[in-house]
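Source file: entry_38.cif. Holds: mmCIF, C-alpha atoms.
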```
data_query
loop_
_atom_site.label_atom_id
_atom_site.label_comp_id
_atom_site.auth_asym_id
_atom_site.auth_seq_id
_atom_site.Cartn_x
_atom_site.Cartn_y
_atom_site.Cartn_z
CA MET A 1110 43.93 -22.62 -31.63
CA HIS A 1111 40.63 -23.89 -32.96
CA PHE A 1112 38.30 -20.98 -33.70
CA SER A 1113 34.57 -21.40 -34.08
CA SER A 1114 34.38 -18.23 -36.19
CA ARG A 1115 36.54 -16.82 -38.97
CA LEU A 1116 35.68 -13.25 -37.92
CA LEU A 1117 36.85 -13.99 -34.40
CA GLU A 1118 40.06 -15.55 -35.70
CA GLN A 1119 40.80 -12.52 -37.89
CA ALA A 1120 40.29 -10.08 -35.02
CA VAL A 1121 42.51 -12.19 -32.74
CA ASP A 1122 45.19 -12.38 -35.47
CA GLU A 1123 45.15 -8.60 -35.84
CA PHE A 1124 45.43 -8.02 -32.08
CA GLY A 1125 48.18 -10.65 -31.89
CA ARG A 1126 50.30 -8.62 -34.31
CA LEU A 1127 50.74 -5.90 -31.69
CA PRO A 1128 54.07 -6.06 -29.85
CA GLY A 1129 53.92 -8.01 -26.59
CA ILE A 1130 50.40 -9.33 -27.25
CA GLY A 1131 50.33 -13.12 -27.61
CA LYS A 1132 47.50 -15.22 -29.00
CA LYS A 1133 45.88 -15.88 -25.61
CA THR A 1134 45.96 -12.22 -24.59
CA ALA A 1135 44.63 -11.23 -28.02
CA LEU A 1136 41.69 -13.62 -27.57
CA ARG A 1137 41.01 -12.26 -24.09
CA LEU A 1138 41.00 -8.66 -25.38
CA VAL A 1139 38.77 -9.45 -28.36
CA LEU A 1140 36.26 -11.32 -26.16
CA HIS A 1141 36.31 -8.34 -23.79
CA LEU A 1142 35.48 -5.99 -26.68
CA LEU A 1143 32.69 -8.33 -27.80
CA LYS A 1144 31.05 -7.89 -24.40
CA GLN A 1145 31.15 -4.08 -24.68
CA SER A 1146 28.40 -2.04 -26.30
CA ASN A 1147 28.52 -1.26 -30.02
CA SER A 1148 29.22 2.38 -29.26
CA ASP A 1149 32.15 1.51 -26.98
CA VAL A 1150 33.76 -0.63 -29.65
CA SER A 1151 33.21 1.90 -32.42
CA ARG A 1152 34.63 4.64 -30.18
CA PHE A 1153 37.72 2.46 -29.72
CA THR A 1154 38.22 1.76 -33.43
CA HIS A 1155 37.24 5.29 -34.45
CA SER A 1156 39.84 6.83 -32.12
CA LEU A 1157 42.55 4.77 -33.83
CA ASP A 1158 41.31 5.49 -37.36
CA GLN A 1159 41.05 9.17 -36.55
CA LEU A 1160 44.52 9.30 -34.99
CA LYS A 1161 46.05 7.53 -37.98
CA GLU A 1162 44.27 9.76 -40.51
CA GLN A 1163 44.68 13.10 -38.77
CA ILE A 1164 48.01 12.68 -37.01
CA ARG A 1165 50.40 15.54 -37.58
CA TYR A 1166 53.98 16.17 -36.63
CA CYS A 1167 55.21 19.60 -35.52
CA LYS A 1168 57.06 21.18 -38.45
CA THR A 1169 59.75 22.46 -36.12
CA CYS A 1170 60.48 19.66 -33.64
CA PHE A 1171 58.61 16.72 -35.29
CA ASN A 1172 56.83 15.78 -32.08
CA ILE A 1173 53.29 14.42 -32.50
CA SER A 1174 50.96 17.42 -32.52
CA ASP A 1175 47.40 18.42 -33.36
CA HIS A 1176 48.67 21.64 -34.92
CA GLU A 1177 51.21 22.61 -37.54
CA ILE A 1178 53.57 23.81 -34.81
CA CYS A 1179 53.32 22.15 -31.39
CA GLU A 1180 52.50 23.89 -28.11
CA ILE A 1181 56.06 23.68 -26.81
CA CYS A 1182 57.54 25.20 -29.96
CA THR A 1183 55.03 28.08 -29.91
CA SER A 1184 55.35 28.74 -26.16
CA VAL A 1185 57.04 32.01 -25.21
CA LYS A 1186 57.78 30.57 -21.77
CA ARG A 1187 60.24 28.03 -23.16
CA ASP A 1188 63.93 28.62 -23.77
CA HIS A 1189 64.27 28.33 -27.55
CA ALA A 1190 68.07 28.52 -27.34
CA THR A 1191 68.25 25.03 -25.84
CA ILE A 1192 67.20 22.00 -27.87
CA CYS A 1193 66.87 18.57 -26.32
CA VAL A 1194 67.26 15.86 -28.98
CA VAL A 1195 65.23 12.69 -28.29
CA GLU A 1196 64.28 9.49 -30.06
CA ASP A 1197 60.47 9.72 -29.93
CA THR A 1198 57.43 11.35 -28.35
CA ARG A 1199 57.58 9.08 -25.29
CA ASP A 1200 60.91 10.65 -24.35
CA VAL A 1201 59.39 14.14 -24.63
CA MET A 1202 56.59 13.00 -22.31
CA ALA A 1203 59.05 11.48 -19.83
CA ILE A 1204 61.18 14.66 -19.72
CA GLU A 1205 58.12 16.94 -19.49
CA ASN A 1206 56.93 14.88 -16.53
CA THR A 1207 60.12 15.74 -14.62
CA ASN A 1208 59.26 19.49 -14.77
CA GLN A 1209 63.03 20.05 -14.89
CA TYR A 1210 63.42 21.18 -18.48
CA GLN A 1211 62.40 24.54 -19.91
CA GLY A 1212 63.96 24.30 -23.37
CA VAL A 1213 62.48 22.93 -26.58
CA TYR A 1214 62.81 19.53 -28.27
CA HIS A 1215 63.81 17.86 -31.48
CA VAL A 1216 62.32 14.40 -32.12
CA LEU A 1217 64.57 12.28 -34.35
CA GLY A 1218 61.93 9.61 -34.96
CA GLY A 1219 64.33 6.76 -34.19
CA LEU A 1220 68.00 5.92 -33.64
CA ILE A 1221 70.67 4.93 -36.14
CA SER A 1222 70.56 1.14 -36.29
CA PRO A 1223 72.28 -0.63 -39.18
CA MET A 1224 70.83 -3.93 -37.90
CA ASP A 1225 67.29 -2.61 -38.41
CA GLY A 1226 68.19 -0.78 -41.61
CA VAL A 1227 67.79 2.69 -40.05
CA GLY A 1228 70.38 5.14 -41.38
CA PRO A 1229 70.91 8.87 -40.64
CA SER A 1230 68.75 9.88 -43.61
CA ASP A 1231 65.74 8.11 -42.03
CA LEU A 1232 65.92 10.46 -39.05
CA LYS A 1233 65.19 14.19 -38.75
CA ILE A 1234 68.88 15.10 -38.61
CA GLU A 1235 68.98 17.52 -41.55
CA ALA A 1236 66.03 19.37 -40.03
CA LEU A 1237 68.03 19.69 -36.79
CA MET A 1238 70.94 21.25 -38.71
CA ASP A 1239 68.49 23.71 -40.30
CA ARG A 1240 67.34 24.81 -36.85
CA LEU A 1241 70.93 25.73 -35.95
CA LYS A 1242 71.56 27.88 -39.01
CA ASN A 1243 70.12 31.12 -37.67
CA GLY A 1244 72.65 31.01 -34.83
CA GLU A 1245 70.10 31.43 -32.04
CA VAL A 1246 70.58 27.98 -30.50
CA ARG A 1247 73.28 27.86 -27.82
CA GLU A 1248 72.99 24.31 -26.50
CA ILE A 1249 72.03 20.88 -27.83
CA ILE A 1250 71.31 18.22 -25.23
CA LEU A 1251 71.50 14.69 -26.66
CA ALA A 1252 69.02 12.76 -24.48
CA LEU A 1253 69.23 9.36 -26.17
CA SER A 1254 69.05 5.86 -24.77
CA ALA A 1255 72.16 4.35 -23.22
CA THR A 1256 72.25 1.60 -25.85
CA MET A 1257 74.45 0.75 -28.81
CA GLU A 1258 72.03 2.57 -31.14
CA GLY A 1259 71.86 5.58 -28.83
CA ASP A 1260 75.65 5.80 -28.63
CA THR A 1261 76.01 5.42 -32.40
CA THR A 1262 73.50 8.21 -32.97
CA ILE A 1263 75.20 10.47 -30.40
CA PHE A 1264 78.56 9.90 -32.09
CA TYR A 1265 77.09 10.68 -35.54
CA LEU A 1266 75.30 13.81 -34.29
CA TYR A 1267 78.40 15.00 -32.45
CA ARG A 1268 80.42 14.89 -35.67
CA LYS A 1269 77.67 16.69 -37.62
CA LEU A 1270 77.09 19.34 -34.93
CA LYS A 1271 80.68 20.13 -34.08
CA GLY A 1272 80.90 22.66 -36.96
CA PHE A 1273 78.23 24.85 -35.31
CA GLU A 1274 78.85 27.34 -32.50
CA VAL A 1275 76.81 25.34 -30.06
CA GLN A 1276 77.41 23.57 -26.75
CA ILE A 1277 76.77 19.84 -27.11
CA SER A 1278 75.96 17.85 -23.99
CA THR A 1279 74.58 14.43 -23.17
CA ILE A 1280 72.40 13.59 -20.21
CA ALA A 1281 74.28 12.25 -17.19
CA ARG A 1282 74.68 8.51 -16.95
CA GLY A 1283 75.35 6.70 -13.74
CA ILE A 1284 73.66 5.03 -10.84
CA ALA A 1285 69.95 5.79 -10.50
CA PHE A 1286 68.70 7.53 -7.36
CA GLY A 1287 67.86 4.90 -4.79
CA GLY A 1288 70.05 2.36 -6.61
CA GLU A 1289 72.09 0.10 -4.36
CA LEU A 1290 75.67 -0.39 -5.49
CA GLU A 1291 75.67 -4.16 -5.23
CA TYR A 1292 72.79 -4.47 -7.72
CA VAL A 1293 74.17 -2.06 -10.32
CA ASP A 1294 75.49 -3.76 -13.47
CA GLU A 1295 79.24 -3.73 -13.99
CA ILE A 1296 79.34 -1.48 -17.04
CA THR A 1297 77.27 1.25 -15.37
CA LEU A 1298 79.27 1.01 -12.16
CA GLY A 1299 82.61 1.02 -13.99
CA ARG A 1300 81.63 4.03 -16.08
CA SER A 1301 80.19 5.91 -13.15
CA ILE A 1302 83.54 5.57 -11.38
CA ALA A 1303 85.45 6.61 -14.50
CA THR A 1304 83.17 9.66 -14.99
CA ARG A 1305 83.05 10.60 -11.29
CA VAL A 1306 81.97 14.14 -10.43
CA PRO A 1307 83.55 16.53 -7.87
CA TYR A 1308 81.32 16.53 -4.81
CA GLU A 1309 80.83 20.33 -4.94
CA ARG A 1310 79.11 19.96 -8.32
CA ASN A 1311 76.62 17.45 -6.96
CA ILE A 1312 75.52 19.65 -4.09
CA GLY A 1313 75.56 22.77 -6.27
CA MET B 1013 51.01 11.82 -18.57
CA HIS B 1014 51.55 14.96 -20.61
CA PHE B 1015 50.29 14.41 -24.17
CA SER B 1016 51.32 16.61 -27.05
CA SER B 1017 48.18 15.67 -28.98
CA ARG B 1018 44.54 15.24 -27.99
CA LEU B 1019 44.05 12.57 -30.67
CA LEU B 1020 46.96 10.62 -29.25
CA GLU B 1021 45.59 10.94 -25.74
CA GLN B 1022 42.15 9.71 -26.83
CA ALA B 1023 43.58 6.66 -28.56
CA VAL B 1024 45.75 5.85 -25.53
CA ASP B 1025 42.73 6.26 -23.23
CA GLU B 1026 40.71 3.85 -25.34
CA PHE B 1027 43.49 1.25 -25.39
CA GLY B 1028 44.00 1.70 -21.65
CA ARG B 1029 40.38 0.66 -21.02
CA LEU B 1030 41.20 -2.88 -22.13
CA PRO B 1031 41.76 -5.31 -19.25
CA GLY B 1032 45.41 -5.69 -18.27
CA ILE B 1033 46.57 -2.80 -20.50
CA GLY B 1034 48.04 0.06 -18.47
CA LYS B 1035 48.70 3.59 -19.69
CA LYS B 1036 52.32 2.92 -20.65
CA THR B 1037 51.48 -0.23 -22.57
CA ALA B 1038 48.59 1.59 -24.26
CA LEU B 1039 50.96 4.35 -25.39
CA ARG B 1040 53.45 1.79 -26.69
CA LEU B 1041 50.74 0.01 -28.68
CA VAL B 1042 49.32 3.23 -30.12
CA LEU B 1043 52.78 4.46 -31.17
CA HIS B 1044 53.39 1.06 -32.75
CA LEU B 1045 50.17 1.38 -34.76
CA LEU B 1046 51.17 4.92 -35.80
CA LYS B 1047 54.31 3.48 -37.37
CA GLN B 1048 52.32 0.94 -39.40
CA SER B 1049 50.89 1.66 -42.86
CA ASN B 1050 47.40 3.13 -43.20
CA SER B 1051 46.16 -0.16 -44.65
CA ASP B 1052 47.54 -2.15 -41.69
CA VAL B 1053 45.77 0.10 -39.19
CA SER B 1054 42.50 0.10 -41.07
CA ARG B 1055 42.68 -3.70 -41.40
CA PHE B 1056 43.07 -3.85 -37.61
CA THR B 1057 40.16 -1.53 -36.83
CA HIS B 1058 38.01 -2.99 -39.62
CA SER B 1059 38.42 -6.53 -38.28
CA LEU B 1060 37.09 -5.38 -34.90
CA ASP B 1061 34.21 -3.36 -36.36
CA GLN B 1062 33.27 -6.27 -38.60
CA LEU B 1063 33.43 -8.79 -35.77
CA LYS B 1064 31.27 -6.61 -33.55
CA GLU B 1065 28.70 -5.96 -36.29
CA GLN B 1066 28.50 -9.43 -37.76
CA ILE B 1067 29.12 -11.63 -34.74
CA ARG B 1068 26.57 -14.41 -34.37
CA TYR B 1069 25.97 -17.00 -31.72
CA CYS B 1070 24.93 -20.55 -32.60
CA LYS B 1071 21.19 -20.87 -31.96
CA THR B 1072 21.70 -24.29 -30.40
CA CYS B 1073 24.82 -24.06 -28.23
CA PHE B 1074 25.39 -20.24 -28.15
CA ASN B 1075 29.04 -20.55 -29.09
CA ILE B 1076 30.44 -17.75 -31.29
CA SER B 1077 29.79 -18.75 -34.90
CA ASP B 1078 29.75 -17.36 -38.43
CA HIS B 1079 26.57 -19.32 -39.15
CA GLU B 1080 23.14 -19.72 -37.61
CA ILE B 1081 24.12 -23.14 -36.29
CA CYS B 1082 27.80 -23.75 -35.54
CA GLU B 1083 29.99 -26.39 -37.16
CA ILE B 1084 30.06 -28.59 -34.07
CA CYS B 1085 26.25 -28.60 -33.71
CA THR B 1086 25.79 -29.48 -37.41
CA SER B 1087 28.49 -32.16 -37.47
CA VAL B 1088 27.26 -35.75 -37.86
CA LYS B 1089 30.56 -37.00 -36.42
CA ARG B 1090 29.77 -35.57 -32.98
CA ASP B 1091 27.83 -37.34 -30.24
CA HIS B 1092 24.72 -35.20 -29.82
CA ALA B 1093 23.60 -37.17 -26.76
CA THR B 1094 26.42 -35.67 -24.67
CA ILE B 1095 26.43 -31.95 -23.88
CA CYS B 1096 29.41 -30.27 -22.24
CA VAL B 1097 28.32 -27.09 -20.42
CA VAL B 1098 30.99 -24.36 -20.36
CA GLU B 1099 31.28 -20.71 -19.39
CA ASP B 1100 32.47 -19.19 -22.66
CA THR B 1101 33.98 -19.80 -26.09
CA ARG B 1102 37.52 -20.00 -24.68
CA ASP B 1103 36.54 -23.14 -22.79
CA VAL B 1104 35.20 -24.69 -25.99
CA MET B 1105 38.52 -23.92 -27.66
CA ALA B 1106 40.50 -25.38 -24.75
CA ILE B 1107 38.47 -28.61 -24.74
CA GLU B 1108 38.58 -28.92 -28.55
CA ASN B 1109 42.37 -28.60 -28.36
CA THR B 1110 42.56 -31.72 -26.17
CA ASN B 1111 40.99 -33.84 -28.97
CA GLN B 1112 39.46 -35.91 -26.14
CA TYR B 1113 35.81 -34.87 -26.48
CA GLN B 1114 33.41 -35.94 -29.22
CA GLY B 1115 30.15 -34.56 -27.82
CA VAL B 1116 28.57 -31.14 -28.32
CA TYR B 1117 28.62 -28.00 -26.16
CA HIS B 1118 26.39 -25.50 -24.42
CA VAL B 1119 27.91 -22.08 -23.75
CA LEU B 1120 26.33 -20.38 -20.72
CA GLY B 1121 27.88 -16.98 -21.42
CA GLY B 1122 29.08 -16.55 -17.83
CA LEU B 1123 28.77 -17.94 -14.33
CA ILE B 1124 26.31 -17.09 -11.57
CA SER B 1125 27.94 -14.32 -9.56
CA PRO B 1126 25.82 -12.28 -7.16
CA MET B 1127 28.86 -10.06 -6.54
CA ASP B 1128 28.96 -9.06 -10.22
CA GLY B 1129 25.17 -8.96 -10.50
CA VAL B 1130 24.99 -12.04 -12.75
CA GLY B 1131 21.95 -14.19 -11.99
CA PRO B 1132 20.67 -17.43 -13.59
CA SER B 1133 18.42 -15.48 -15.98
CA ASP B 1134 21.49 -13.77 -17.48
CA LEU B 1135 22.82 -17.14 -18.62
CA LYS B 1136 21.60 -19.56 -21.29
CA ILE B 1137 20.13 -21.96 -18.73
CA GLU B 1138 16.53 -22.06 -20.02
CA ALA B 1139 17.89 -22.85 -23.48
CA LEU B 1140 19.80 -25.78 -21.98
CA MET B 1141 16.57 -27.13 -20.43
CA ASP B 1142 14.90 -26.84 -23.85
CA ARG B 1143 17.63 -29.01 -25.39
CA LEU B 1144 16.82 -31.78 -22.91
CA LYS B 1145 13.10 -31.85 -23.60
CA ASN B 1146 13.18 -34.19 -26.59
CA GLY B 1147 14.80 -36.86 -24.39
CA GLU B 1148 17.73 -37.53 -26.73
CA VAL B 1149 20.44 -36.20 -24.42
CA ARG B 1150 21.88 -38.83 -22.08
CA GLU B 1151 24.71 -36.97 -20.34
CA ILE B 1152 25.47 -33.42 -19.24
CA ILE B 1153 29.09 -32.67 -18.34
CA LEU B 1154 29.44 -29.54 -16.24
CA ALA B 1155 32.93 -28.25 -17.20
CA LEU B 1156 33.02 -25.06 -15.16
CA SER B 1157 35.86 -23.32 -13.34
CA ALA B 1158 36.85 -24.57 -9.89
CA THR B 1159 35.88 -21.23 -8.32
CA MET B 1160 33.13 -20.01 -6.05
CA GLU B 1161 31.12 -18.85 -9.10
CA GLY B 1162 31.71 -22.16 -10.89
CA ASP B 1163 30.59 -24.16 -7.85
CA THR B 1164 27.51 -21.96 -7.37
CA THR B 1165 26.54 -22.44 -11.02
CA ILE B 1166 27.11 -26.21 -10.83
CA PHE B 1167 24.90 -26.40 -7.73
CA TYR B 1168 22.14 -24.37 -9.41
CA LEU B 1169 22.30 -26.41 -12.63
CA TYR B 1170 22.33 -29.68 -10.71
CA ARG B 1171 19.04 -28.76 -9.00
CA LYS B 1172 17.46 -27.67 -12.29
CA LEU B 1173 18.67 -30.74 -14.22
CA LYS B 1174 17.84 -33.36 -11.61
CA GLY B 1175 14.26 -33.66 -12.93
CA PHE B 1176 15.46 -34.87 -16.33
CA GLU B 1177 16.47 -38.44 -17.15
CA VAL B 1178 20.06 -37.49 -17.73
CA GLN B 1179 23.45 -38.37 -16.23
CA ILE B 1180 25.07 -35.28 -14.71
CA SER B 1181 28.83 -35.27 -14.26
CA THR B 1182 31.50 -32.71 -13.48
CA ILE B 1183 35.04 -32.76 -14.81
CA ALA B 1184 37.59 -34.35 -12.48
CA ARG B 1185 39.37 -32.05 -10.06
CA GLY B 1186 42.65 -32.88 -8.46
CA ILE B 1187 46.37 -32.56 -8.88
CA ALA B 1188 47.46 -31.59 -12.40
CA PHE B 1189 49.66 -33.97 -14.37
CA GLY B 1190 53.29 -33.17 -13.59
CA GLY B 1191 52.26 -31.41 -10.40
CA GLU B 1192 54.53 -31.95 -7.42
CA LEU B 1193 52.70 -32.60 -4.17
CA GLU B 1194 54.63 -30.09 -2.10
CA TYR B 1195 53.59 -27.22 -4.37
CA VAL B 1196 49.89 -28.09 -4.54
CA ASP B 1197 47.63 -25.77 -2.54
CA GLU B 1198 46.02 -27.21 0.57
CA ILE B 1199 42.41 -27.15 -0.62
CA THR B 1200 43.20 -29.03 -3.83
CA LEU B 1201 45.37 -31.54 -1.98
CA GLY B 1202 42.79 -32.05 0.77
CA ARG B 1203 39.97 -32.57 -1.72
CA SER B 1204 42.01 -34.86 -3.94
CA ILE B 1205 42.60 -37.12 -0.91
CA ALA B 1206 38.92 -37.02 0.07
CA THR B 1207 37.85 -37.85 -3.51
CA ARG B 1208 40.52 -40.49 -4.08
CA VAL B 1209 39.96 -42.95 -6.92
CA PRO B 1210 40.51 -46.74 -6.91
CA TYR B 1211 43.78 -47.42 -8.75
CA GLU B 1212 42.10 -49.77 -11.23
CA ARG B 1213 39.99 -46.89 -12.51
CA ASN B 1214 43.01 -44.73 -13.21
CA ILE B 1215 44.79 -47.34 -15.30
CA GLY B 1216 41.57 -48.36 -17.07
#
```

Whole structure given in structure tokens:
Amino acid sequence: MHFSSRLLEQAVDEFGRLPGIGKKTALRLVLHLLKQSNSDVSRFTHSLDQLKEQIRYCKTCFNISDHEICEICTSVKRDHATICVVEDTRDVMAIENTNQYQGVYHVLGGLISPMDGVGPSDLKIEALMDRLKNGEVREIILALSATMEGDTTIFYLYRKLKGFEVQISTIARGIAFGGELEYVDEITLGRSIATRVPYERNIG
Amino acid sequence: MHFSSRLLEQAVDEFGRLPGIGKKTALRLVLHLLKQSNSDVSRFTHSLDQLKEQIRYCKTCFNISDHEICEICTSVKRDHATICVVEDTRDVMAIENTNQYQGVYHVLGGLISPMDGVGPSDLKIEALMDRLKNGEVREIILALSATMEGDTTIFYLYRKLKGFEVQISTIARGIAFGGELEYVDEITLGRSIATRVPYERNIG
């Protein structure tokens, strides 16, 4: 691309570094911002600077929080004997949106991925062990992605957690609600047959 | 969406205001920035703040520029008797990328659009007239989008420019190179038949 301004080129380069934003989209976004008022643009950049400077992570569950301990971890309405282990804050948001879960969380901050150089020590696994030491936790739900990295992390956590007096479960995998059999991929379909569930449990 | 942090929510809201960026994409981008170093994030926000504060528009052609007069308008290699009128800086970039045009530009800053409340006085049309007054310009090429707004603007400019001793042309419209007839929309196909060109001109 041939830029008429170095400042414009720099801003487009910076936007283009974001995942999924190509050069053309970056240019479109920057030109959009140029048309906004000064106060709109500075509110945009200030919100990012402020987030980056002031961001905190809950000292218990490591979810993003404005306080030292997050609202879920301080809530007396939640079941603190059940911990749902997730990869990042988006998973907490997704599970909270279901309104089906009343326990607390533990955010690992990633998944074990040798390809990306992420090992167990890069994740909040030791902190999870510490939470189990007082013996008050009865169940750990491993709600991790159904990917190679998710499976590797589940396997690692299972071996670490097995020494504790705690029920370890993973979220159910299978065919999504509304999914038509003929469009389901073979691995999911094969596994969902292998891990079939007695009908009484499904209607229970 | 249920946010665990007000700062996070604000940043996602700001990102989500950008055109074509939904809430989920905004969250993904903000979480990506959170994983970057402080210096990476401040370089990103600084580049936008700097662009917005220091942006200048060429006093001759109104293209985005780092200088009072842009590089194209100051270049002695360009043909200053031919002005290509475009909507915005992206069009200048697109035409420059073709390496087919040696003239100069005039950036209107938009198109006439009563629906969006954009009238002729919101565009750099008077400034275009001023450029014609010294009598040195011989041709005006109207390179505007083939839309209702583009056609309206072309019609308006044509009436304003008719009084000057200047050749007015529009860029050719028709079937794109590589375009297969059966997939061309009816309006384009109909017009390209009505405005057919003698074969000798195409090979010339």

I would like the residues chosen by the PyMOL selection byres ((chain A) within 9 of (chain B)) on the shown file; could you give them as a VMD selection string?
chain A and resid 1110 to 1117 1119 to 1121 1123 to 1124 1127 to 1129 1136 to 1143 1147 1150 to 1165 1172 to 1176 1179 to 1181 1198 to 1199 1201 to 1203 1205 to 1206

Given the file above and the PyMOL selection byres ((chain B and resi 1187) around 9), which residues are selected, and can you give them as a PyMOL selection string?
chain B and resi 1185-1186+1188-1193+1196+1200-1201+1204

Atomic distance atom CA of B:Tyr1117 - atom CA of B:Thr1072, expressed in Å with one decimal
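Going from atom CA of B:Tyr1117 over to atom CA of B:Thr1072 covers 8.9 Å.
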
Evaluate the PyMOL selection byres ((chain A and resi 1239) around 12) on the structure here and hand back the selected residues as a list in words.
Lys1168, Thr1169, Cys1170, His1215, Lys1233, Ile1234, Glu1235, Ala1236, Leu1237, Met1238, Arg1240, Leu1241, Lys1242, Asn1243, Gly1244, Glu1245, Val1246, Lys1269, Leu1270 and Phe1273 of chain A

Requested write-out: C-alpha atoms of the selected residues, as a PDB file, in the frame of the given file:
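Once written, out-v4.pdb looks like this:
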```
ATOM      1  CA  LYS A1168      57.060  21.180 -38.450  1.00  0.00           C
ATOM      2  CA  THR A1169      59.750  22.460 -36.120  1.00  0.00           C
ATOM      3  CA  CYS A1170      60.480  19.660 -33.640  1.00  0.00           C
ATOM      4  CA  HIS A1215      63.810  17.860 -31.480  1.00  0.00           C
ATOM      5  CA  LYS A1233      65.190  14.190 -38.750  1.00  0.00           C
ATOM      6  CA  ILE A1234      68.880  15.100 -38.610  1.00  0.00           C
ATOM      7  CA  GLU A1235      68.980  17.520 -41.550  1.00  0.00           C
ATOM      8  CA  ALA A1236      66.030  19.370 -40.030  1.00  0.00           C
ATOM      9  CA  LEU A1237      68.030  19.690 -36.790  1.00  0.00           C
ATOM     10  CA  MET A1238      70.940  21.250 -38.710  1.00  0.00           C
ATOM     11  CA  ARG A1240      67.340  24.810 -36.850  1.00  0.00           C
ATOM     12  CA  LEU A1241      70.930  25.730 -35.950  1.00  0.00           C
ATOM     13  CA  LYS A1242      71.560  27.880 -39.010  1.00  0.00           C
ATOM     14  CA  ASN A1243      70.120  31.120 -37.670  1.00  0.00           C
ATOM     15  CA  GLY A1244      72.650  31.010 -34.830  1.00  0.00           C
ATOM     16  CA  GLU A1245      70.100  31.430 -32.040  1.00  0.00           C
ATOM     17  CA  VAL A1246      70.580  27.980 -30.500  1.00  0.00           C
ATOM     18  CA  LYS A1269      77.670  16.690 -37.620  1.00  0.00           C
ATOM     19  CA  LEU A1270      77.090  19.340 -34.930  1.00  0.00           C
ATOM     20  CA  PHE A1273      78.230  24.850 -35.310  1.00  0.00           C
TER      21      PHE A1273
END
```

Go through A:Ile1302, A:Val1227, A:Cys1193, A:Thr1261 and flag the residue nearest A:Ile1280, using all atoms listed in the file for the distances.
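Of A:Ile1302, A:Val1227, A:Cys1193, A:Thr1261, the one nearest A:Ile1280 is A:Cys1193, counting all atoms listed in the file.
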
Interatomic distance (Å, one decimal) between atom CA of B:Val1178 and atom CA of B:His1092:
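Separation of atom CA of B:Val1178 and atom CA of B:His1092: 13.2 Å.
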
Which residues come within 10 Å of B:Glu1099, counting all atoms listed in the file, excluding same-chain residues fewer than 6 positions away, as a VMD selection string?
chain B and resid 1075 1118 to 1124 1135 to 1136 1154 to 1157 1162 1165
